[in-house]
Amino acid sequence: MEFFSPTDLLGSSPILALGLFSLIALLVNAFLKNSAGMVFYVSAVGIFVAIGCSIYTFPMNATAFSDMLLVGGYASFFSVLFLVIALFSMFIAKPYLEREQYHYGEYYVLILLATIGMVMLASSADLITAFLGIEMMSVSFYVLAGYFRGKLSSNESALKYFLLGAFATGFLLYGIALIYGTTGTTNLLRIVTMYPQPFNDPLHIIGWGLILIGFGFKVAAVPFHMWVPDVYEGAPTPVTAFMSTGGKAAAFSVFLMTFSVPMSMRDERLMTVLAVLAAASMLLGNWFGLSQTNLKRMLAYSSIAHAGYMIIGIASATPMGQQGIAFYLVSYALTNLGAFGIIAMMEKENGGNLNYEDYAGLGKRKPALAALLAMFMFSLTGIPPFAGFIGKYYLFASAVQSHMTWLAIFGVITSLFSTYYYLRIIVYMYFKEATNHEEIKLPGLTFATVILCGAGIVLFGIVPSLIFDLMKSIF
Amino acid sequence: MNMYEIIFYFFAFITVASASVVVFSRNIIYAAFSLLFTFFGVAGIYVLLNADFLAITQLLIYVGGILVLLLFGVMLTTNTVNIDIKSGSMNVLAAASVVAALAGLLGGVFWTSDWFVSKQMGELPAQTTSKEIGTALITTHVLPFEIASVILLVAIVGAAMMARREGIKSQIPSSK
Amino acid sequence: MRARRECLACREKKVMIPLNHYLLLSAFLFSCGVLGVVVRRNAIIVFMSIELMLNAVNLSLVAFGQFLGDATGQMLVFFVMVVAAAEAAVGLAIIISLFRNKQTVNIDELNILKW
C-alpha cells in the first residue's frame, strides 16, 4: 500500500514548509539568547518558501491525503493571500514590539502556526480538516490576543475571545455532527453526491444552521459579532491587524467552500437567511461605527460591516459573487493592514494616541502618512479608483444578478452611512489644528509595508483584471 | 426493561444530573467534581455504543487531563468559592428562553426524526475498535492526525508563554 | 472487558437502545452547556459548560457512527478530544494571567473594555 503520493506531498507543501520553519524558529528561540530578531528572519524565510510552494501548486487541480485537502487553484490563491498577510503583519509587528519592549520570538512562531491553520482552512475538502484548521488558527489567536500578558486590556481581550471562540466551536461541531449523521460522511466532495435531493430532512437543515452560527462567529457577522470590538481594541495592534485581515480571510475561504455545498442547490431559504445576515451586519456594523471615538474600535465595527458586504457574495451563490468575495478579501486585507500599520506607528505607550483627536493636523505634521491613511479610508468607503470600489461593485452586482436587488440597494445605503466615520478622520487630519506636537517616529519597516499596501490597493483598483484573470481558472 | 436499558438509563441519569449540577451549582468545587461524573457517565455510554477506545480515551484525556487542569485553575483562583448565578433577571430570562427554544428545537427534531433508524445502514463489526481507528489514523486520516499534534504544539507554546512570569511590566496592585 | 461482552450479548438479542435516546441525551447536554455559558459569570465555570457542549457533540458523533456502521465519527471524536485538551491548556493559561493582573475571574467584572 502506498502511503504518500507525490500529489500528497506537493499539495501539503505550503503546510509542511510552514511547519518545518516554525519548528526551526522555535528551536532558534529556545537555544539562542536574545534571538527574537533571528526568529523574525527565519519566519520570514519560511513564509517566502511557503509562498513559492503555493505558487508552484497553483496550476494543479487535485486532492491530497484521501480527499482531505484541495490542491491548487482555490487553495493556492488563498494560501498566497494569507502568507502575504502574515508577512506584512510581521513587518508591522517588529518595530511595534521592540518599542513596547515585548519583543519575543514566540510571537513569530505563533504567527507561523496560525498561518498553517489558515492554509489548512483554504485547502480543506473535509469538515475534519476544516475544524482542525479553525482550531489551529483560533488557539494561536487566543494566545496572540493576550500577548501583552502584563496588560489588563490584553488579558481581557484574550479571555473574551477564548470563551466566545470556544463557544462558537461547540456550535460548529454540533452542526458537523448532524451533517455527518444525516449523510454518513464529513467529506465536502461526497456530501454533495450523498445528498442530491433538496434538503428536507430537518436534522440536516439544523446541521447547516449550526455550522452557519459557528462560521458567523468566526467571520464576525451580526448577531454573532459581540466579541469583535472588545477583542480588536484590547489586542496588541499588530495582532489586531493580523486577526482582522488573515483571520477574516481564512474564515471566509472556508465559509465559501463549505457553503458551496448547500448553495449548489440554490436553496431559497438558505439564500434568504444569508441575505438577512448580510443586511444585519452591514446595518449594525456601520451604525455603531458612527459613534466611535477610538480608531481601533471604529475599525472593528467597520470589520463587522465588511463581513456583511462579503456575505452578499455567498448569499448570491453566483460565480460573480464568489469572485467578488475573493477580490474583496484581497483589497480589504491590504487596506486594513495599511490602516493598522499607521495606527501602530501613531500609538503611544499603553494604548495612547488612538482617538480621532490625536490625528488632528496630521496632514501638516506627516503629509505622506496622512495621504496614505486617507487612501485607505477612501478604499474602505468604496470610492474609485481604489480596490475597495471594485470589490463592492462586484458583490452588489452579484446580488442584483440573483434577484436580490433590495440587498444591493441596502448595501449602497449603508455604505453611505459609513462615509461619515471614514471621512471624519480625513477631516480631522486636514482641517483641524494639531493639539499634540510630539515627534512621530516612522520605523522604516512598517512605513515600507504601509506604502506597499497603498500601492497594492491603487494597482488592483486600476487594473483589477490582474486578480480576476487568475480567478477565472478557480471558480 | 432489560439489562441494557437499565445500564443506559443509569449512565444517562448520572450524566444529566451531574451536568445540571455543573450549570446550577453555586460552589465551583462542586461544579468541578460533578463534571467528573458527567465525563464518567459519557464514557459509560461510549462503552454501550461499542466505542471502547474512545471510552478509555475519554477517561484519560477528560478526567486525567482537562479536569485536573480545571481543578488547578480553580485552586489558583480560589477567592471565588461562592459565586452566584449571574444576577440581573432580564439577562437570565432572555438567555433561558433562547436556550429553551434551542433545546426544544433539537429535542423535538431528534424525537420525531426516525429517518435514520428506519434505514439503518449497518453496525460496526462487533470487535474492538482500536485496530480500525489505529489503521485510519495512519492511512486515511494521517493528515488530521499530524495537524492535531501541531495544535498541541501551539497549545504548549501558547500556554507556556501566557503563564510565564518574567518580563511582566507590573500593573499589579502590590497588595497581593 | 466485561462491558464489551455485555454489549455483544445485547446485539445478539437484537435489543438496542434507539438512536433517538442517545441524541436526546446529547441535546440535553448541549443545551445545558449553552445555558451555562450564557448564565454563569465565573470564567472557569463558563469553560466547564463549553466542555459539556463538546461532550454532547462527541456523544452524538459516536452514536451516529455506531448506527451508520462507520468509523469516521469516532475519528472525529478523537480529534475533538485533542482540541479540547489544547483549548483547556491555553484557556487556563489565559485565565491565570488575567487573575494575576485583576484578582478576579468573573467575566462581568471585566470592564476596561465594555463587555
# chains A, B, ... in the order shown; residues from 1 in each chain; ligands from 1
>>> closest_atom_pairs(of="chain C", to="chain A", cutoff="6 Å", atoms="only C-alpha atoms", output="tab-separated table")
residue	atom	partner	partner_atom	distance
C:Met53	CA	A:Gly170	CA	5.9
C:Leu54	CA	A:Gly170	CA	5.8
C:Val57	CA	A:Tyr174	CA	5.2
C:Leu61	CA	A:Ala177	CA	5.5
C:Phe64	CA	A:Gly181	CA	5.2
C:Leu98	CA	A:Asn155	CA	5.2
C:Leu113	CA	A:Asp230	CA	5.8
>>> residues_around(residues="Gly37 in chain A", least_positions_apart="3", cutoff="9 Å", atoms="only C-alpha atoms", output="compact mmCIF listing (two decimals) with N, CA and C atoms, in the first residue's frame")
# COMPACT_ATOMS: atom_id res chain seq x y z
N ASN A 34 18.58 36.15 23.25
CA ASN A 34 18.17 37.36 22.54
C ASN A 34 17.98 37.11 21.05
N PHE A 40 12.62 36.24 13.72
CA PHE A 40 11.90 37.01 12.72
C PHE A 40 12.38 36.65 11.32
N TYR A 41 13.71 36.61 11.13
CA TYR A 41 14.22 36.31 9.79
C TYR A 41 13.89 34.88 9.38
N VAL A 42 14.05 33.93 10.32
CA VAL A 42 13.73 32.53 10.00
C VAL A 42 12.26 32.43 9.57
N LYS A 94 7.27 43.99 14.15
CA LYS A 94 8.64 44.02 14.69
C LYS A 94 8.97 45.36 15.36
N HIS A 103 9.41 42.20 22.74
CA HIS A 103 9.83 41.54 21.52
C HIS A 103 10.38 40.16 21.83
N TYR A 104 9.53 39.15 21.72
CA TYR A 104 9.96 37.77 21.95
C TYR A 104 9.76 36.95 20.68
N GLY A 105 10.54 35.87 20.58
CA GLY A 105 10.45 35.04 19.38
C GLY A 105 9.14 34.29 19.26
>>> select_by_dssp(residues="range 64-95 of chain A", states="helix (DSSP H, G or I)", output="list in words")
Tyr74, Ala75, Ser76, Phe77, Phe78, Ser79, Val80, Leu81, Phe82, Leu83, Val84, Ile85, Ala86, Leu87, Phe88, Ser89, Met90, Phe91, Ile92, Ala93, Lys94 and Pro95 of chain A
>>> write_last_selection(atoms="N, CA and C atoms", output="short mmCIF file (atom, residue, chain, number, x, y, z; two decimals), in the first residue's frame")
data_model
loop_
_atom_site.label_atom_id
_atom_site.label_comp_id
_atom_site.auth_asym_id
_atom_site.auth_seq_id
_atom_site.Cartn_x
_atom_site.Cartn_y
_atom_site.Cartn_z
N TYR A 74 -7.99 27.30 -6.01
CA TYR A 74 -8.61 27.97 -4.86
C TYR A 74 -7.67 27.98 -3.66
N ALA A 75 -7.16 26.79 -3.32
CA ALA A 75 -6.30 26.69 -2.14
C ALA A 75 -5.06 27.54 -2.30
N SER A 76 -4.43 27.48 -3.49
CA SER A 76 -3.18 28.23 -3.67
C SER A 76 -3.43 29.73 -3.62
N PHE A 77 -4.50 30.16 -4.27
CA PHE A 77 -4.81 31.59 -4.29
C PHE A 77 -4.92 32.13 -2.87
N PHE A 78 -5.75 31.45 -2.06
CA PHE A 78 -5.95 31.96 -0.71
C PHE A 78 -4.70 31.78 0.14
N SER A 79 -3.96 30.68 -0.08
CA SER A 79 -2.75 30.49 0.71
C SER A 79 -1.79 31.64 0.50
N VAL A 80 -1.61 32.04 -0.76
CA VAL A 80 -0.69 33.15 -1.02
C VAL A 80 -1.20 34.40 -0.31
N LEU A 81 -2.51 34.62 -0.35
CA LEU A 81 -3.07 35.80 0.33
C LEU A 81 -2.74 35.76 1.82
N PHE A 82 -2.98 34.60 2.48
CA PHE A 82 -2.73 34.53 3.92
C PHE A 82 -1.25 34.72 4.23
N LEU A 83 -0.41 34.13 3.36
CA LEU A 83 1.02 34.22 3.63
C LEU A 83 1.50 35.66 3.52
N VAL A 84 0.98 36.37 2.51
CA VAL A 84 1.37 37.78 2.37
C VAL A 84 0.88 38.57 3.58
N ILE A 85 -0.35 38.28 4.02
CA ILE A 85 -0.87 38.98 5.19
C ILE A 85 0.02 38.71 6.40
N ALA A 86 0.41 37.43 6.57
CA ALA A 86 1.24 37.09 7.73
C ALA A 86 2.56 37.85 7.66
N LEU A 87 3.14 37.90 6.46
CA LEU A 87 4.43 38.58 6.29
C LEU A 87 4.29 40.06 6.63
N PHE A 88 3.27 40.70 6.06
CA PHE A 88 3.08 42.13 6.31
C PHE A 88 2.82 42.38 7.79
N SER A 89 2.04 41.53 8.41
CA SER A 89 1.74 41.80 9.82
C SER A 89 2.99 41.61 10.66
N MET A 90 3.90 40.72 10.22
CA MET A 90 5.17 40.61 10.95
C MET A 90 6.00 41.86 10.79
N PHE A 91 5.98 42.45 9.58
CA PHE A 91 6.73 43.68 9.36
C PHE A 91 6.18 44.80 10.24
N ILE A 92 4.84 44.83 10.40
CA ILE A 92 4.27 45.86 11.26
C ILE A 92 4.63 45.59 12.71
N ALA A 93 4.68 44.30 13.05
CA ALA A 93 4.84 43.93 14.46
C ALA A 93 6.25 44.22 14.98
N LYS A 94 7.27 43.99 14.15
CA LYS A 94 8.64 44.02 14.69
C LYS A 94 8.97 45.36 15.36
N PRO A 95 8.82 46.51 14.63
CA PRO A 95 9.15 47.77 15.31
C PRO A 95 8.23 48.05 16.49
#
>>> interface_residues(of="chain C", to="chain B", cutoff="6 Å", atoms="only C-alpha atoms", output="list in words")
Asn20, Leu24, Ser31, Gly36, Val39, Arg40, Arg41, Gln66, Phe67, Leu68, Gly69, Ala85, Ala86, Val90, Ala93, Ser97 and Asn101 of chain C
>>> write_last_selection(atoms="C-alpha atoms", output="PDB file, in the first residue's frame")
ATOM      1  CA  ASN C  20     -33.177   8.932  19.367  1.00  0.00           C
ATOM      2  CA  LEU C  24     -31.884  13.410  23.137  1.00  0.00           C
ATOM      3  CA  SER C  31     -28.445  22.852  25.951  1.00  0.00           C
ATOM      4  CA  GLY C  36     -24.150  27.579  31.480  1.00  0.00           C
ATOM      5  CA  VAL C  39     -25.859  32.449  32.517  1.00  0.00           C
ATOM      6  CA  ARG C  40     -22.759  31.820  34.605  1.00  0.00           C
ATOM      7  CA  ARG C  41     -20.207  34.521  35.148  1.00  0.00           C
ATOM      8  CA  GLN C  66     -22.318   3.374  15.545  1.00  0.00           C
ATOM      9  CA  PHE C  67     -25.675   3.460  13.791  1.00  0.00           C
ATOM     10  CA  LEU C  68     -24.095   4.239  10.437  1.00  0.00           C
ATOM     11  CA  GLY C  69     -21.516   1.489  10.878  1.00  0.00           C
ATOM     12  CA  ALA C  85      -7.210  19.413  25.641  1.00  0.00           C
ATOM     13  CA  ALA C  86      -5.330  22.111  23.729  1.00  0.00           C
ATOM     14  CA  VAL C  90      -4.485  27.716  26.606  1.00  0.00           C
ATOM     15  CA  ALA C  93      -3.228  29.966  30.987  1.00  0.00           C
ATOM     16  CA  SER C  97      -2.734  35.557  33.505  1.00  0.00           C
ATOM     17  CA  ASN C 101      -3.474  41.278  36.939  1.00  0.00           C
TER      18      ASN C 101
END
>>> atom_distance(atom1="CA of His437 in chain A", atom2="CA of Gly361 in chain A")
9.5 Å
>>> atom_distance(atom1="CA of Asp267 in chain A", atom2="CA of Asn200 in chain A")
10.6 Å
>>> residues_around(residues="Pro385 in chain A", least_positions_apart="4", cutoff="12 Å", atoms="only C-alpha atoms", output="ChimeraX atom specification")
/A:375-376,378-381,389-391,393,455-464
>>> residues_around(residues="Leu25 in chain C", least_positions_apart="2", cutoff="8 Å", atoms="only C-alpha atoms", output="JSON, numbers by chain")
{"B": [12, 16], "C": [21, 22, 23, 27, 28, 29, 56]}
>>> write_last_selection(atoms="C-alpha atoms", output="CSV table (one decimal), in the first residue's frame")
chain,number,residue,atom,x,y,z
B,12,ALA,CA,-27.8,8.8,31.3
B,16,VAL,CA,-28.0,14.5,33.2
C,21,HIS,CA,-32.4,8.3,23.0
C,22,TYR,CA,-28.7,9.0,22.6
C,23,LEU,CA,-29.5,12.1,20.6
C,27,ALA,CA,-29.3,17.6,23.0
C,28,PHE,CA,-29.9,17.9,26.7
C,29,LEU,CA,-26.2,18.1,27.5
C,56,ALA,CA,-22.6,16.4,23.8
>>> residues_around(residues="Pro319 in chain A", least_positions_apart="6", cutoff="10 Å", atoms="only C-alpha atoms", output="PyMOL selection string")
chain A and resi 313+325+398+471-472+474-475
>>> closest_residue(among="B:Ser18, B:Glu146, B:Thr139, B:Leu59", to="chain A", atoms="only C-alpha atoms")
B:Thr139
>>> residues_around(residues="Ala278 in chain A", least_positions_apart="3", cutoff="8 Å", atoms="only C-alpha atoms", output="list in words")
Ala221, Val222, Leu274, Ala275, Ser281, Met282, Ala307, Gly308, Tyr309, Met310, Ile311 and Ile312 of chain A
>>> write_last_selection(atoms="N, CA and C atoms", output="tab-separated table (two decimals), in the first residue's frame")
chain	number	residue	atom	x	y	z
A	221	ALA	N	-20.05	38.16	11.85
A	221	ALA	CA	-21.29	38.68	11.29
A	221	ALA	C	-22.29	38.90	12.42
A	222	VAL	N	-23.13	39.92	12.28
A	222	VAL	CA	-24.23	40.13	13.22
A	222	VAL	C	-25.17	38.95	13.06
A	274	LEU	N	-28.99	33.97	4.61
A	274	LEU	CA	-27.69	34.62	4.43
A	274	LEU	C	-27.87	36.09	4.09
A	275	ALA	N	-28.87	36.39	3.26
A	275	ALA	CA	-29.09	37.78	2.88
A	275	ALA	C	-29.45	38.60	4.11
A	281	SER	N	-25.55	42.69	9.34
A	281	SER	CA	-24.16	43.05	9.63
A	281	SER	C	-23.82	44.41	9.06
A	282	MET	N	-24.27	44.67	7.82
A	282	MET	CA	-23.97	45.96	7.21
A	282	MET	C	-24.59	47.08	8.03
A	307	ALA	N	-17.80	42.29	6.80
A	307	ALA	CA	-18.23	40.89	6.77
A	307	ALA	C	-19.60	40.82	6.10
A	308	GLY	N	-20.46	41.80	6.41
A	308	GLY	CA	-21.78	41.84	5.79
A	308	GLY	C	-21.69	41.95	4.28
A	309	TYR	N	-20.82	42.87	3.79
A	309	TYR	CA	-20.71	43.02	2.33
A	309	TYR	C	-20.28	41.70	1.70
A	310	MET	N	-19.35	41.00	2.38
A	310	MET	CA	-18.83	39.79	1.75
A	310	MET	C	-19.84	38.64	1.79
A	311	ILE	N	-20.70	38.63	2.83
A	311	ILE	CA	-21.70	37.56	2.88
A	311	ILE	C	-22.67	37.69	1.70
A	312	ILE	N	-22.82	38.92	1.18
A	312	ILE	CA	-23.66	39.07	-0.01
A	312	ILE	C	-23.18	38.12	-1.10
>>> residues_around(residues="Leu23 in chain A", least_positions_apart="3", cutoff="12 Å", atoms="only C-alpha atoms", output="PyMOL selection string")
(chain A and resi 16-20+26-30+39+42-43+46+105-106+108-110+112-113) or (chain B and resi 150+153-154+157)
>>> write_last_selection(atoms="N, CA and C atoms", output="PDB file, in the first residue's frame")
ATOM      1  N   LEU A  16       3.714  21.949   5.031  1.00  0.00           N
ATOM      2  CA  LEU A  16       4.947  21.323   5.510  1.00  0.00           C
ATOM      3  C   LEU A  16       6.041  22.363   5.700  1.00  0.00           C
ATOM      4  N   ALA A  17       6.160  23.283   4.721  1.00  0.00           N
ATOM      5  CA  ALA A  17       7.219  24.293   4.825  1.00  0.00           C
ATOM      6  C   ALA A  17       6.994  25.158   6.054  1.00  0.00           C
ATOM      7  N   LEU A  18       5.748  25.597   6.238  1.00  0.00           N
ATOM      8  CA  LEU A  18       5.477  26.443   7.408  1.00  0.00           C
ATOM      9  C   LEU A  18       5.752  25.689   8.695  1.00  0.00           C
ATOM     10  N   GLY A  19       5.345  24.416   8.726  1.00  0.00           N
ATOM     11  CA  GLY A  19       5.563  23.629   9.935  1.00  0.00           C
ATOM     12  C   GLY A  19       7.040  23.475  10.219  1.00  0.00           C
ATOM     13  N   LEU A  20       7.808  23.167   9.170  1.00  0.00           N
ATOM     14  CA  LEU A  20       9.247  22.991   9.342  1.00  0.00           C
ATOM     15  C   LEU A  20       9.885  24.267   9.874  1.00  0.00           C
ATOM     16  N   LEU A  26      11.286  27.847  16.520  1.00  0.00           N
ATOM     17  CA  LEU A  26      11.121  27.525  17.939  1.00  0.00           C
ATOM     18  C   LEU A  26      12.443  27.095  18.555  1.00  0.00           C
ATOM     19  N   LEU A  27      13.200  26.290  17.789  1.00  0.00           N
ATOM     20  CA  LEU A  27      14.482  25.821  18.322  1.00  0.00           C
ATOM     21  C   LEU A  27      15.469  26.971  18.445  1.00  0.00           C
ATOM     22  N   VAL A  28      15.499  27.839  17.407  1.00  0.00           N
ATOM     23  CA  VAL A  28      16.378  29.008  17.477  1.00  0.00           C
ATOM     24  C   VAL A  28      16.031  29.828  18.707  1.00  0.00           C
ATOM     25  N   ASN A  29      14.735  29.992  18.928  1.00  0.00           N
ATOM     26  CA  ASN A  29      14.277  30.787  20.054  1.00  0.00           C
ATOM     27  C   ASN A  29      14.678  30.155  21.377  1.00  0.00           C
ATOM     28  N   ALA A  30      14.689  28.830  21.395  1.00  0.00           N
ATOM     29  CA  ALA A  30      14.971  28.161  22.663  1.00  0.00           C
ATOM     30  C   ALA A  30      16.459  28.144  22.969  1.00  0.00           C
ATOM     31  N   VAL A  39      14.669  34.931  14.973  1.00  0.00           N
ATOM     32  CA  VAL A  39      13.423  34.196  14.749  1.00  0.00           C
ATOM     33  C   VAL A  39      12.601  34.902  13.683  1.00  0.00           C
ATOM     34  N   VAL A  42      14.052  33.930  10.323  1.00  0.00           N
ATOM     35  CA  VAL A  42      13.726  32.535   9.996  1.00  0.00           C
ATOM     36  C   VAL A  42      12.264  32.431   9.568  1.00  0.00           C
ATOM     37  N   SER A  43      11.374  33.098  10.311  1.00  0.00           N
ATOM     38  CA  SER A  43       9.953  33.021   9.981  1.00  0.00           C
ATOM     39  C   SER A  43       9.679  33.633   8.619  1.00  0.00           C
ATOM     40  N   GLY A  46      10.645  31.282   6.027  1.00  0.00           N
ATOM     41  CA  GLY A  46       9.636  30.223   5.956  1.00  0.00           C
ATOM     42  C   GLY A  46       8.433  30.651   5.142  1.00  0.00           C
ATOM     43  N   GLY A 105      10.543  35.872  20.575  1.00  0.00           N
ATOM     44  CA  GLY A 105      10.448  35.044  19.383  1.00  0.00           C
ATOM     45  C   GLY A 105       9.135  34.295  19.263  1.00  0.00           C
ATOM     46  N   GLU A 106       8.494  34.001  20.393  1.00  0.00           N
ATOM     47  CA  GLU A 106       7.249  33.218  20.327  1.00  0.00           C
ATOM     48  C   GLU A 106       6.211  33.889  19.447  1.00  0.00           C
ATOM     49  N   TYR A 108       6.484  35.343  16.578  1.00  0.00           N
ATOM     50  CA  TYR A 108       6.559  34.941  15.171  1.00  0.00           C
ATOM     51  C   TYR A 108       6.229  33.471  15.001  1.00  0.00           C
ATOM     52  N   VAL A 109       6.614  32.658  15.999  1.00  0.00           N
ATOM     53  CA  VAL A 109       6.271  31.233  15.928  1.00  0.00           C
ATOM     54  C   VAL A 109       4.754  31.078  15.889  1.00  0.00           C
ATOM     55  N   LEU A 110       4.077  31.829  16.758  1.00  0.00           N
ATOM     56  CA  LEU A 110       2.619  31.715  16.798  1.00  0.00           C
ATOM     57  C   LEU A 110       1.995  32.223  15.505  1.00  0.00           C
ATOM     58  N   LEU A 112       3.342  32.012  12.561  1.00  0.00           N
ATOM     59  CA  LEU A 112       3.525  30.937  11.574  1.00  0.00           C
ATOM     60  C   LEU A 112       2.514  29.823  11.811  1.00  0.00           C
ATOM     61  N   LEU A 113       2.310  29.450  13.087  1.00  0.00           N
ATOM     62  CA  LEU A 113       1.394  28.347  13.370  1.00  0.00           C
ATOM     63  C   LEU A 113      -0.042  28.729  13.004  1.00  0.00           C
TER      64      LEU A 113
ATOM     65  N   VAL B 150       0.241  19.212  15.827  1.00  0.00           N
ATOM     66  CA  VAL B 150       0.728  20.597  15.753  1.00  0.00           C
ATOM     67  C   VAL B 150      -0.137  21.508  16.624  1.00  0.00           C
ATOM     68  N   LEU B 153       1.176  21.415  19.880  1.00  0.00           N
ATOM     69  CA  LEU B 153       2.378  22.250  19.959  1.00  0.00           C
ATOM     70  C   LEU B 153       1.996  23.710  20.183  1.00  0.00           C
ATOM     71  N   VAL B 154       0.967  24.172  19.428  1.00  0.00           N
ATOM     72  CA  VAL B 154       0.501  25.550  19.619  1.00  0.00           C
ATOM     73  C   VAL B 154       0.104  25.753  21.071  1.00  0.00           C
ATOM     74  N   VAL B 157       3.261  25.958  23.340  1.00  0.00           N
ATOM     75  CA  VAL B 157       3.957  27.235  23.203  1.00  0.00           C
ATOM     76  C   VAL B 157       3.126  28.353  23.810  1.00  0.00           C
TER      77      VAL B 157
END
